[in-house]
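Visitor: Below is the file coords35.cif, with mmCIF, C-alpha atoms.
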data_work
loop_
_atom_site.label_atom_id
_atom_site.label_comp_id
_atom_site.auth_asym_id
_atom_site.auth_seq_id
_atom_site.Cartn_x
_atom_site.Cartn_y
_atom_site.Cartn_z
CA MET A 1 9.95 32.39 -48.52
CA GLY A 2 7.74 29.43 -49.50
CA ASN A 3 7.37 30.79 -53.05
CA ARG A 4 11.11 31.30 -53.33
CA ALA A 5 11.70 27.54 -53.60
CA SER A 6 9.39 27.04 -56.57
CA LEU A 7 10.63 30.23 -58.25
CA LEU A 8 14.26 29.11 -58.25
CA LEU A 9 13.74 25.48 -59.27
CA ARG A 10 12.79 25.04 -62.91
CA GLU A 11 10.41 22.27 -63.98
CA GLU A 12 13.22 20.56 -65.92
CA GLU A 13 15.42 20.51 -62.81
CA ILE A 14 12.59 19.10 -60.71
CA ALA A 15 11.93 16.39 -63.33
CA GLN A 16 15.61 15.48 -63.52
CA ILE A 17 15.99 15.31 -59.72
CA GLN A 18 12.78 13.26 -59.54
CA GLN A 19 14.19 10.77 -62.06
CA GLU A 20 17.55 10.56 -60.25
CA THR A 21 16.20 10.29 -56.70
CA GLY A 22 12.61 9.06 -56.82
CA PHE A 23 11.31 12.01 -54.77
CA THR A 24 8.00 13.54 -55.84
CA PRO A 25 7.98 17.13 -57.18
CA ASN A 26 6.24 18.28 -53.98
CA GLN A 27 8.91 16.61 -51.81
CA ILE A 28 11.66 18.18 -53.94
CA GLU A 29 10.17 21.65 -53.51
CA ARG A 30 9.80 21.16 -49.73
CA LEU A 31 13.39 19.92 -49.43
CA TYR A 32 14.57 22.82 -51.60
CA SER A 33 12.87 25.19 -49.19
CA ARG A 34 14.69 23.49 -46.30
CA PHE A 35 17.96 23.61 -48.27
CA THR A 36 17.62 27.35 -48.93
CA ALA A 37 16.79 27.97 -45.25
CA LEU A 38 20.07 26.25 -44.30
CA ASP A 39 21.97 28.25 -46.96
CA ARG A 40 22.41 31.38 -44.86
CA ASN A 41 24.88 32.93 -47.31
CA ASP A 42 22.51 32.53 -50.30
CA CYS A 43 25.28 30.96 -52.37
CA GLY A 44 23.36 27.87 -53.52
CA THR A 45 25.55 25.45 -51.59
CA LEU A 46 25.88 24.17 -48.03
CA SER A 47 29.01 23.76 -45.92
CA ARG A 48 29.64 21.23 -43.15
CA ASP A 49 28.81 23.94 -40.61
CA ASP A 50 25.45 24.55 -42.30
CA PHE A 51 24.60 20.87 -41.80
CA LEU A 52 25.73 20.89 -38.19
CA ARG A 53 23.20 23.65 -37.49
CA ILE A 54 20.46 21.06 -38.07
CA PRO A 55 19.44 20.21 -34.49
CA GLU A 56 18.83 16.52 -35.24
CA LEU A 57 22.33 16.17 -36.67
CA ALA A 58 23.95 18.28 -33.98
CA ILE A 59 22.70 15.95 -31.24
CA ASN A 60 23.20 12.70 -33.18
CA PRO A 61 26.35 10.91 -31.98
CA LEU A 62 27.09 10.00 -35.60
CA GLY A 63 26.20 13.47 -36.88
CA GLU A 64 29.75 14.26 -38.00
CA ARG A 65 29.92 10.98 -39.96
CA ILE A 66 26.51 11.57 -41.54
CA VAL A 67 27.54 15.09 -42.56
CA TYR A 68 30.81 13.69 -43.93
CA ALA A 69 28.76 11.42 -46.22
CA PHE A 70 27.32 14.48 -47.96
CA PHE A 71 30.85 15.47 -48.99
CA GLN A 72 31.83 12.11 -50.52
CA GLY A 73 31.55 11.11 -54.13
CA ASP A 74 32.99 12.13 -57.44
CA GLU A 75 33.21 15.84 -56.72
CA CYS A 76 34.81 15.94 -53.27
CA THR A 77 34.54 19.55 -52.19
CA ASP A 78 33.83 21.49 -49.05
CA ARG A 79 30.37 22.56 -50.32
CA VAL A 80 27.29 20.64 -51.49
CA ASN A 81 24.78 21.87 -54.07
CA PHE A 82 21.08 21.00 -54.05
CA ARG A 83 21.38 18.08 -56.47
CA GLN A 84 24.15 16.47 -54.34
CA PHE A 85 22.05 17.11 -51.24
CA MET A 86 19.10 15.30 -52.83
CA GLN A 87 21.23 12.36 -53.97
CA VAL A 88 22.40 11.70 -50.42
CA LEU A 89 18.90 12.11 -49.00
CA ALA A 90 17.63 9.60 -51.57
CA HIS A 91 19.52 6.86 -49.68
CA PHE A 92 17.01 7.37 -46.87
CA ARG A 93 13.87 7.16 -48.97
CA PRO A 94 11.73 4.15 -48.06
CA VAL A 95 11.94 1.35 -50.61
CA LYS A 96 8.63 0.84 -52.39
CA LYS A 97 7.82 -2.47 -54.07
CA ASN A 98 8.39 -2.32 -57.85
CA LYS A 99 9.60 1.31 -57.56
CA GLU A 100 13.18 0.86 -56.43
CA ASN A 101 15.58 3.62 -57.26
CA ARG A 102 19.28 2.84 -57.47
CA LEU A 103 20.08 5.36 -54.70
CA ASN A 104 17.74 3.80 -52.15
CA SER A 105 18.30 0.13 -52.99
CA ARG A 106 19.39 -2.26 -50.26
CA GLU A 107 22.93 -2.31 -51.65
CA GLU A 108 23.22 1.49 -51.76
CA LYS A 109 21.88 1.78 -48.20
CA LEU A 110 24.47 -0.78 -47.08
CA LYS A 111 27.25 1.09 -48.92
CA PHE A 112 26.20 4.28 -47.16
CA ALA A 113 26.21 2.56 -43.74
CA PHE A 114 29.55 0.89 -44.48
CA LYS A 115 31.14 4.27 -45.29
CA LEU A 116 30.04 5.58 -41.89
CA TYR A 117 32.25 2.94 -40.27
CA ASP A 118 35.14 3.07 -42.77
CA LEU A 119 36.88 6.10 -41.27
CA ASP A 120 40.04 5.92 -43.39
CA ASN A 121 38.24 5.14 -46.68
CA ASP A 122 40.27 1.98 -47.39
CA ASN A 123 37.11 -0.09 -48.03
CA LEU A 124 37.69 -2.10 -44.85
CA ILE A 125 36.47 -1.68 -41.29
CA SER A 126 39.18 -2.32 -38.71
CA LYS A 127 38.73 -2.99 -35.01
CA ASP A 128 39.99 0.55 -34.30
CA GLU A 129 37.44 2.08 -36.66
CA LEU A 130 34.68 0.01 -35.10
CA LEU A 131 35.83 1.10 -31.65
CA ALA A 132 35.86 4.77 -32.71
CA ILE A 133 32.27 4.51 -33.99
CA LEU A 134 31.16 2.67 -30.84
CA HIS A 135 32.72 5.48 -28.77
CA MET A 136 30.75 8.03 -30.80
CA MET A 137 27.52 6.09 -30.30
CA VAL A 138 27.72 5.23 -26.60
CA GLY A 139 30.24 7.71 -25.21
CA ALA A 140 31.23 6.85 -21.65
CA ASN A 141 28.10 4.79 -20.97
CA ILE A 142 29.99 1.51 -21.51
CA SER A 143 33.46 0.67 -20.20
CA GLU A 144 36.47 0.52 -22.51
CA GLU A 145 36.76 -3.23 -21.86
CA GLN A 146 33.13 -3.80 -22.89
CA LEU A 147 33.56 -1.73 -26.05
CA THR A 148 36.73 -3.60 -26.97
CA SER A 149 34.94 -6.90 -26.38
CA ILE A 150 32.04 -5.82 -28.63
CA ALA A 151 34.44 -4.70 -31.38
CA GLU A 152 36.50 -7.90 -31.19
CA ARG A 153 33.40 -10.12 -31.19
CA THR A 154 31.94 -8.21 -34.15
CA ILE A 155 35.16 -8.60 -36.15
CA LEU A 156 35.38 -12.30 -35.22
CA GLU A 157 31.79 -12.97 -36.31
CA ALA A 158 31.87 -10.95 -39.54
CA ASP A 159 35.45 -11.57 -40.73
CA GLU A 160 35.35 -14.54 -43.10
CA ASP A 161 38.84 -14.33 -44.60
CA GLY A 162 40.77 -13.97 -41.33
CA ASP A 163 42.32 -10.56 -42.05
CA GLN A 164 40.90 -9.02 -38.84
CA MET A 165 38.94 -6.54 -40.95
CA ILE A 166 35.40 -6.36 -42.30
CA SER A 167 35.08 -5.93 -46.06
CA PHE A 168 31.93 -4.61 -47.70
CA ASN A 169 30.86 -8.14 -48.69
CA GLU A 170 31.41 -9.37 -45.13
CA PHE A 171 29.46 -6.35 -43.84
CA CYS A 172 26.56 -7.22 -46.16
CA LYS A 173 26.57 -10.87 -45.10
CA ALA A 174 26.61 -9.89 -41.42
CA LEU A 175 23.52 -7.74 -42.02
CA HIS A 176 21.66 -10.16 -44.30
CA ARG A 177 18.84 -10.66 -41.77
CA THR A 178 18.58 -6.97 -40.92
CA ASP A 179 15.76 -4.99 -42.52
CA VAL A 180 18.12 -2.28 -43.79
CA GLU A 181 15.48 -0.97 -46.16
CA GLN A 182 13.27 -0.08 -43.20
CA LYS A 183 15.91 0.87 -40.63
CA MET A 184 17.62 3.29 -43.03
CA SER A 185 14.46 5.05 -44.14
CA ILE A 186 13.02 8.40 -43.24
CA ARG A 187 9.46 9.29 -44.09
CA PHE A 188 9.55 12.44 -46.21
CA LEU A 189 6.34 14.44 -46.14
CA ASN A 190 4.52 15.20 -49.38
#
In structure tokens, write the structure found in this file.
Guide:
Amino acid sequence: MGNRASLLLREEEIAQIQQETGFTPNQIERLYSRFTALDRNDCGTLSRDDFLRIPELAINPLGERIVYAFFQGDECTDRVNFRQFMQVLAHFRPVKKNKENRLNSREEKLKFAFKLYDLDNDNLISKDELLAILHMMVGANISEEQLTSIAERTILEADEDGDQMISFNEFCKALHRTDVEQKMSIRFLN
């Protein structure tokens, strides 16, 4: 099955994906192998259920939101092809000095994180959306009053225009001291 990945990906496709995402050809072939292993129906695309079979996503409290991110973008469908898969994964590539790729820039990582919180896709994070995400992350480990207090305090601290919502710019300003480039990076093996 290891040869299958290199047989089905042409050199031109690998070069194009490398240019778009910044992954090395070896990383692309390894991720293609993983992609094809998840594609149990051999149709060249993955569904939400295929993603949720990944143990790390299945146990992640934000797994559903992370999977949802794979189905965003220009071509909103219920399936993701390999190129779309790679474009989302590129957000998690570590940022290398003088080798930044637009998909793994600080701004793109922040946009990705913002979308995890923006449940209704209105480009704002409300207290209710923040509460919903906090519930996903901590479950019943913290009381409702404590969660509400955290959500209210977060809105109060980040909301600069007084609309009781967090815009993308306010989100970025609130995280200006956070090393997003490092915290939103996964080391992909060569």
Visitor: How would you write, as a VMD selection string, the residues chosen by the PyMOL selection byres ((chain A and resi 66) around 10) on this structure?
Guide: chain A and resid 51 to 52 57 60 to 65 67 to 71 88 112 to 113 115 to 116
Visitor: Quick one: of A:Leu103, A:Ile59, A:Leu110, A:Ala37, who's nearest to Lys183 (chain A), counting all atoms listed in the file?
Guide: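 Nearest candidate to Lys183 (chain A) out of A:Leu103, A:Ile59, A:Leu110, A:Ala37: A:Leu110.
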Visitor: Please provide the set of residues having any atom within 9 Å of Leu147 (chain A), restricted to only C-alpha atoms, with same-chain residues fewer than 5 positions apart removed, written as a ChimeraX atom specification.
Guide: /A:131,134-135,142,152
Visitor: Just want the 10 Å neighbourhood of Arg83 (chain A), counted on all atoms listed in the file, with same-chain residues fewer than 3 positions away dropped. Output as a list in words.
Guide: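 Near Arg83 (chain A), the qualifying residues are Glu13, Ile14, Gln16, Ile17, Glu20, Thr21, Tyr32, Thr45, Val80, Met86, Gln87, Val88 and Leu89 of chain A.
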Visitor: Step by step, work through what the PyMOL selection byres ((chain A and resi 104-109) around 10) selects in the shown file, and finish by giving those residues as a PyMOL selection string.
Guide: chain A and resi 21-22+87-96+99-103+110-114+172+179-185
Visitor: Please compute the CA of Leu124 (chain A)-CA of Ser143 (chain A) distance, one decimal, in Å.
Guide: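 These two atoms are separated by 25.2 Å.
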Visitor: Rank A:Gln19, A:Leu130, A:Ile28, A:Glu56 by their smallest atom-to-atom distance to Asp118 (chain A), using only C-alpha atoms, and report the top residue only.
Guide: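 Among the listed residues, the smallest separation from Asp118 (chain A) belongs to A:Leu130.
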Visitor: So how many Å separate CA of Arg48 (chain A) and CA of Thr77 (chain A), to one decimal?
Guide: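 Separation of CA of Arg48 (chain A) and CA of Thr77 (chain A): 10.4 Å.
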